[in-house]
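> This is the structure I have questions about; it appears just below.
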Amino acid sequence: MSSFKHLLVAALSIGAISVSSPAALQCAPVPDSITLNQNGKLFSPFTFNHAKHIQSIKECADCHHHTTGTLVTDPNCVRCHQNSSPTAVVSCKGCHLATPFSPETLAAKRADKQRFHLDKMGLKGAMHQSCIGCHNKVGNGPTGCQDCHPRTKEGSAFYSSNRKGAKPAHAEEE
Amino acid sequence: MKRRNFLKACLIGGTTIALGKTNKGWASGSFEGYPEAMGVLVDTTRCIGCRSCEAACNKEQKLPEPDTSFDDPAVFEHERRPTSKAYTVVNRYQKEQPSGPVYRKVQCNHCNEPACLTSCFVNAYTKTKEGAVIYNSKICVGCRNCMIACPFNVPGYDYDSATNPIVKKCILCYDTRLKYGKPPACVEICPQEALTFGHRADLIKLAHERIRATPERYVDHVYGEKEVGGTSWLYLAPVGFDKLGFDTTLSNDPIISNVKDFLGMVPMVLSIWPALFSGIHLLCKNQEHDGHGHDTDSNQEDTKP
């Protein structure tokens, strides 16, 4: 754990140079492991090893943008967020909504004319793009649909998994 | 050519008869679509080919069990089309490219000015103000004109039901979701958010903004913004659209039931006359029907505002 603390202190001080904001210090404690997909219906909840990822990735910003106070890495975001301060909200679900396309969300987006980030993804999209995107690039992280979260009974029915291999001609030209 | 024009005239004649009091989109020339129309932006750079959308569609629309499971990658060996049993399918392209395969979801594109609608002389189709192109299966006589007219080869024909052979296709989950402002089932399930649901006008802006922000990721074109007068489904792609099975020869003008080629007409000719007559018959019969088709309470909404 102490190595993480060092890492964190290092990370925060890097952030502090450019940001000089005490907000980073008030940021929620960094958890070692987190249960994700807690409300999963088709797939089971699973444990995300935060500590192991921090150890192998080092860059908080690879997952958290500039929100934890380290310099943002994505060149597309650097354009504007080079000097951005850490944010009060760090957890993905605090910004990426679980229901990005509900009538309420769409109406709120339409009403908010000032907002720059109108194309912010929902939580499910943000998670999968972040996790699978990196795992595909780095090569040794899981990418298969059941590698992170095994299917529930409901999930198996949903994907009609009992029919696997029956006849791949399904839905071909009539 | 003469024969073709003749048939075209028949078609339009047929349509006009069927028109009755409703005013169809094609009469309005370049019609920008309904201002409140919704749509879906498909970002093919995000899709990873998991086929969850196919599964969601199957369950939502209560379609028959698939021939193989929805996580079977074997289906990618062949290019597929939507059918009466699968309103949406995902195809794989560019498999040999180093940048990896590109997946493309196919379904009804929900045209602003649908050729299926203009080609249907029993008036089974409706373009709702929410943007969906829906149909009333109680009125459909199974003539298959729409299958020939559709520039995207979408409507599927249900051969299984001999008593009521009808055409079937994606309806944007109109009666279970869109009507209530909710996103279609495929959009909701997509783990990668490759599908973005919203007002069509907003989606066009988002699409161009994505291209502007990361030009190395996309070709500079939004498929469906202009094609055949615009469609509710819009696409972004990392490579030329022609490489992903899109028809890039379509004009920006809506297709006003000018049927594609003569050979395609032959089966239609065989079915057009009985269909026409039974159609007119049905139409008269259906004047005051209030069945439970997809569009019963929106039949009045297809008049241009």
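Please note that chains go A, B, ... in the order of the structure tokens, that every chain numbers its residues from 1, and that ligands are numbered from 1 in the order shown.
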Give the residues of chain B that lie within 6 Å of chain A; count only C-alpha atoms, and format the answer as a PyMOL selection string.

chain B and resi 55+67-70+74-75+80+181-182+191-193

> Please identify which residues in range 103-143 of chain B DSSP calls alpha helix (DSSP H) from the backbone, and express them as a PyMOL selection string.

chain B and resi 115-119

> What lies within 9 Å of Ser44 in chain A using only C-alpha atoms, ignoring chain neighbours under 2 positions off, as a CSV table (one decimal) with C-alpha atoms, in the first residue's frame?


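In the end it all went to out36.csv:
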```csv
chain,number,residue,atom,x,y,z
A,37,ASN,CA,-21.4,-3.2,-12.6
A,38,GLN,CA,-23.2,-3.3,-9.2
A,39,ASN,CA,-26.6,-3.1,-10.8
A,40,GLY,CA,-25.8,-5.5,-13.6
A,41,LYS,CA,-28.7,-7.6,-14.9
A,42,LEU,CA,-27.3,-9.5,-17.8
A,46,PHE,CA,-17.2,-8.0,-10.5
A,148,CYS,CA,-14.7,-9.2,-16.8
A,149,HIS,CA,-18.2,-10.1,-16.0
A,150,PRO,CA,-19.7,-13.6,-16.5
A,151,ARG,CA,-23.2,-13.7,-17.8
A,152,THR,CA,-26.2,-14.2,-15.5
```

> What's the 10 Å shell around range 237-243 of chain B, counting only C-alpha atoms, without same-chain residues fewer than 2 positions away, as a count of residues only?

27

> Which of these residues is nearest to His53 in chain A, using only C-alpha atoms: A:Gly94, A:Pro31, A:Gly69, A:Pro86?

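Checking each of A:Gly94, A:Pro31, A:Gly69, A:Pro86 against His53 in chain A, counting only C-alpha atoms, the winner is A:Pro31.
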
> At a cut-off of 6 Å, using only C-alpha atoms, what residues contact Ala132 in chain B? Leave out same-chain residues fewer than 2 positions from it and give the result as a list in words.

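So the residues in contact are His110, Lys127, Thr128, Glu130, Ile134 and Leu172 of chain B.
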
> Taking 5 positions as the minimum chain separation for residues in the same chain, which residues sit within 10 Å of Ile171 in chain B when counting only C-alpha atoms? Answer as a count of residues only.

15

> How would you write, as a VMD selection string, the set of residues in range 172-217 of chain B that DSSP gives as strand (DSSP E or B)?

chain B and resid 195 to 199

> Keeping all heavy atoms for every residue in the selection just given, could you write it to a file as a compact mmCIF listing (two decimals), in the first residue's frame?


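Output file result.txt is given in full below:
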```txt
# COMPACT_ATOMS: atom_id res chain seq x y z
N LEU B 195 -23.81 3.57 -30.60
CA LEU B 195 -25.06 4.14 -31.04
C LEU B 195 -25.43 5.30 -30.12
O LEU B 195 -25.49 5.13 -28.91
CB LEU B 195 -26.18 3.09 -31.01
CG LEU B 195 -25.88 1.74 -31.67
CD1 LEU B 195 -27.02 0.77 -31.45
CD2 LEU B 195 -25.61 1.92 -33.15
N THR B 196 -25.64 6.47 -30.70
CA THR B 196 -26.04 7.64 -29.92
C THR B 196 -27.44 8.04 -30.35
O THR B 196 -27.69 8.26 -31.53
CB THR B 196 -25.07 8.81 -30.16
OG1 THR B 196 -23.75 8.38 -29.85
CG2 THR B 196 -25.42 10.00 -29.29
N PHE B 197 -28.33 8.14 -29.38
CA PHE B 197 -29.72 8.49 -29.66
C PHE B 197 -29.94 9.96 -29.35
O PHE B 197 -29.41 10.47 -28.35
CB PHE B 197 -30.62 7.62 -28.79
CG PHE B 197 -32.09 7.96 -28.85
CD1 PHE B 197 -32.84 7.64 -29.97
CD2 PHE B 197 -32.71 8.58 -27.78
CE1 PHE B 197 -34.20 7.94 -30.03
CE2 PHE B 197 -34.07 8.87 -27.82
CZ PHE B 197 -34.81 8.56 -28.95
N GLY B 198 -30.71 10.64 -30.18
CA GLY B 198 -31.01 12.04 -29.90
C GLY B 198 -31.80 12.66 -31.03
O GLY B 198 -32.24 11.96 -31.95
N HIS B 199 -32.00 13.97 -30.96
CA HIS B 199 -32.67 14.66 -32.04
C HIS B 199 -31.76 14.60 -33.27
O HIS B 199 -30.56 14.85 -33.17
CB HIS B 199 -32.96 16.10 -31.66
CG HIS B 199 -33.98 16.21 -30.57
ND1 HIS B 199 -35.32 16.30 -30.83
CD2 HIS B 199 -33.86 16.19 -29.22
CE1 HIS B 199 -35.99 16.35 -29.70
NE2 HIS B 199 -35.12 16.29 -28.70
```

> Would you list the contacts of Val154 in chain B as a PyMOL selection string, taking every protein, DNA or RNA residue within 7 Å and counting only C-alpha atoms, but skipping same-chain residues closer than 2 positions in sequence?

chain B and resi 82+107-108+147+150+152+156+169

> Hey, which of B:Cys190, B:Cys170, B:Cys111, B:Val106 ends up closest to Gly230 in chain B? Count only C-alpha atoms.

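So, comparing all the options, the nearest one is B:Cys111.
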
> Please, what distance in Å, to one decimal, runs between CA of Thr88 in chain B and CA of Glu113 in chain B?

20.6 Å
